[in-house]
Amino acid sequence: GRPASSLFSGPHAPAEPNRAEPSRAEPASGRGAGGPAAATGGMGAALGLESSLENIESRVDAGSILEGIGPDQFDRLLEHLEAMQRRGLKFGHVAIWRQAFLGGAADHHTVVYEYRAAGRQLSLKIDWGREGLAFRDNAEDPSPDGDIIMRKWCRISPAELRLQLLEVKGRTYVLTNWNCQHFSQHLFDRANEPTKE
C-alpha cells in the first residue's frame with residue numbers, strides 16, 4: 001500500500017512521498033504547470049456540478065478561466081456541506097493548488113479539502129472567480145495539470161468550513177484584493193482556527 005502521508009500517486013504525487021506529514025503548512029514541491037493544456041485553456045478551473053451525495057461524485061464542464069467558472073454555486077456548497085456533516089465526515093488536510101494558464105503568464109489558485117469516505121480518498125475542490133464560487137467533490141485528481149503549493153493538516157468538520165464560508169458570503173471578486181489567490185489563502189489560513197460564531 002501507499003504511505004498514509006501520500007494523497008496521490010503517479011505524476012502528481014509530491015516529490016517526497018515517504019516524508020512524514022508536516023504539522024504546519026509547508027510549500028509543496030512543484031511538478032511543473034503550464035504546457036500545451038494550460039496555454040489552450042484545458043485546465044479544469046471552470047467547474048459545473050451535478051451533485052449526487054449518495055455517490056459523492058460530480059461532473060466537470062471544461063472551459064477556460066478567462067470565461068469564468070460558471071454560475072455561482074455558493075448556496076449549493078453550503079447545502080453540500082450540511083449533507084457531509086450529517087454523514088459524520090471530517091476533513092483531514094487542506095491544500096492550495098495552482099494551475100498556470102496563458103502560457104504560464106498567470107495562475108489560478110483553488111483550495112482543496114481532503115477527506116476519506118466509503119474507503120476512498122476524496123477531495124472537495126472550491127474555486128473562486130468573477131461569477132462567484134464553484135465546487136467539485138470526487139475522487140479525481142483536483143487539478144491534473146496543477147501544482148500543490150501548500151498543504152497542511154486541518155481536522156475540521158464540514159460544519160466548521162460552512163461557517164467559515166458564511167463569513168465571506170456576499171464578497172465580490174476583485175482582481176486586486178479578493179481574487180482566487182486571496183480567497184484560497186484566506187480559507188487555507190482559517191482551516192486551523194476556531195470559527196467565529
# chains A, B, ... in the order shown; residues from 1 in each chain; ligands from 1

call {"tool": "closest_atom_pairs", "arguments": {"of": "segment 105-170 of chain A", "to": "segment 82-97 of chain A", "cutoff": "12 Å", "atoms": "only C-alpha atoms", "output": "tab-separated table"}}
result
residue	atom	partner	partner_atom	distance
A:Asp107	CA	A:Trp97	CA	9.7
A:His108	CA	A:Trp97	CA	8.2
A:His109	CA	A:Trp97	CA	5.6
A:Thr110	CA	A:Trp97	CA	5.3
A:Val111	CA	A:Ile96	CA	4.6
A:Val112	CA	A:Ala95	CA	5.2
A:Tyr113	CA	A:Val94	CA	4.5
A:Glu114	CA	A:His93	CA	5.1
A:Tyr115	CA	A:Phe91	CA	4.7
A:Arg116	CA	A:Leu89	CA	7.7
A:Ala117	CA	A:Leu89	CA	7.2
A:Ala118	CA	A:Leu89	CA	10.3
A:Gln121	CA	A:Gly92	CA	10.2
A:Leu122	CA	A:Phe91	CA	9.6
A:Ser123	CA	A:Phe91	CA	9.0
A:Leu124	CA	A:Phe91	CA	9.1
A:Lys125	CA	A:Trp97	CA	9.3
A:Ile126	CA	A:Ile96	CA	9.9
A:Asp127	CA	A:Trp97	CA	10.2
A:Asp137	CA	A:Met84	CA	10.7
A:Asp141	CA	A:Trp97	CA	10.8
A:Pro142	CA	A:Trp97	CA	8.1
A:Ser143	CA	A:Trp97	CA	7.1
A:Pro144	CA	A:Trp97	CA	10.1
A:Asp145	CA	A:Trp97	CA	9.9
A:Gly146	CA	A:Trp97	CA	6.3
A:Asp147	CA	A:Trp97	CA	5.4
A:Ile148	CA	A:Trp97	CA	4.4
A:Ile149	CA	A:Ile96	CA	5.8
A:Met150	CA	A:Ile96	CA	5.3
A:Arg151	CA	A:Ala95	CA	4.1
A:Lys152	CA	A:His93	CA	5.5
A:Trp153	CA	A:His93	CA	4.4
A:Cys154	CA	A:His93	CA	5.0
A:Arg155	CA	A:Gly92	CA	4.8
A:Ile156	CA	A:Phe91	CA	5.4
A:Ser157	CA	A:Lys90	CA	4.6
A:Pro158	CA	A:Gln85	CA	5.4
A:Ala159	CA	A:Gln85	CA	6.0
A:Glu160	CA	A:Gln85	CA	9.3
A:Leu161	CA	A:Phe91	CA	9.2
A:Arg162	CA	A:Glu82	CA	7.8
A:Leu163	CA	A:Glu82	CA	10.6

call {"tool": "atom_distance", "arguments": {"atom1": "atom CA of Gly170 of chain A", "atom2": "atom CA of Gly132 of chain A"}}
result
9.4 Å

call {"tool": "closest_residue", "arguments": {"among": "A:Arg136, A:Arg190, A:Lys169, A:His182", "to": "Asp75 of chain A", "atoms": "only C-alpha atoms"}}
result
A:Lys169

call {"tool": "atom_distance", "arguments": {"atom1": "atom CA of Asn177 of chain A", "atom2": "atom CA of Phe74 of chain A"}}
result
19.6 Å

call {"tool": "atom_distance", "arguments": {"atom1": "atom CA of Leu78 of chain A", "atom2": "atom CA of Glu167 of chain A"}}
result
12.1 Å

call {"tool": "select_by_dssp", "arguments": {"residues": "segment 135-181 of chain A", "states": "alpha helix (DSSP H)", "output": "PyMOL selection string"}}
result
chain A and resi 158-166+180-181

call {"tool": "write_last_selection", "arguments": {"atoms": "N, CA and C atoms", "output": "PDB file, in the first residue's frame"}}
result
ATOM      1  N   PRO A 158     -17.197  19.614   8.157  1.00  0.00           N
ATOM      2  CA  PRO A 158     -17.913  20.371   7.133  1.00  0.00           C
ATOM      3  C   PRO A 158     -18.709  21.544   7.734  1.00  0.00           C
ATOM      4  N   ALA A 159     -19.230  21.378   8.944  1.00  0.00           N
ATOM      5  CA  ALA A 159     -19.968  22.469   9.592  1.00  0.00           C
ATOM      6  C   ALA A 159     -19.050  23.661   9.872  1.00  0.00           C
ATOM      7  N   GLU A 160     -17.809  23.383  10.287  1.00  0.00           N
ATOM      8  CA  GLU A 160     -16.861  24.476  10.527  1.00  0.00           C
ATOM      9  C   GLU A 160     -16.508  25.188   9.222  1.00  0.00           C
ATOM     10  N   LEU A 161     -16.273  24.422   8.158  1.00  0.00           N
ATOM     11  CA  LEU A 161     -15.987  25.043   6.860  1.00  0.00           C
ATOM     12  C   LEU A 161     -17.189  25.869   6.400  1.00  0.00           C
ATOM     13  N   ARG A 162     -18.386  25.364   6.610  1.00  0.00           N
ATOM     14  CA  ARG A 162     -19.594  26.106   6.232  1.00  0.00           C
ATOM     15  C   ARG A 162     -19.637  27.464   6.934  1.00  0.00           C
ATOM     16  N   LEU A 163     -19.338  27.485   8.228  1.00  0.00           N
ATOM     17  CA  LEU A 163     -19.325  28.756   8.971  1.00  0.00           C
ATOM     18  C   LEU A 163     -18.242  29.698   8.444  1.00  0.00           C
ATOM     19  N   GLN A 164     -17.079  29.147   8.094  1.00  0.00           N
ATOM     20  CA  GLN A 164     -16.003  29.974   7.546  1.00  0.00           C
ATOM     21  C   GLN A 164     -16.407  30.573   6.199  1.00  0.00           C
ATOM     22  N   LEU A 165     -17.123  29.806   5.398  1.00  0.00           N
ATOM     23  CA  LEU A 165     -17.607  30.329   4.116  1.00  0.00           C
ATOM     24  C   LEU A 165     -18.666  31.408   4.325  1.00  0.00           C
ATOM     25  N   LEU A 166     -19.525  31.218   5.320  1.00  0.00           N
ATOM     26  CA  LEU A 166     -20.549  32.237   5.592  1.00  0.00           C
ATOM     27  C   LEU A 166     -19.921  33.577   5.973  1.00  0.00           C
ATOM     28  N   CYS A 180      -8.944  34.694  -6.749  1.00  0.00           N
ATOM     29  CA  CYS A 180      -8.830  33.281  -6.377  1.00  0.00           C
ATOM     30  C   CYS A 180      -7.680  33.031  -5.407  1.00  0.00           C
ATOM     31  N   GLN A 181      -6.595  33.785  -5.538  1.00  0.00           N
ATOM     32  CA  GLN A 181      -5.450  33.596  -4.646  1.00  0.00           C
ATOM     33  C   GLN A 181      -5.772  34.072  -3.239  1.00  0.00           C
TER      34      GLN A 181
END
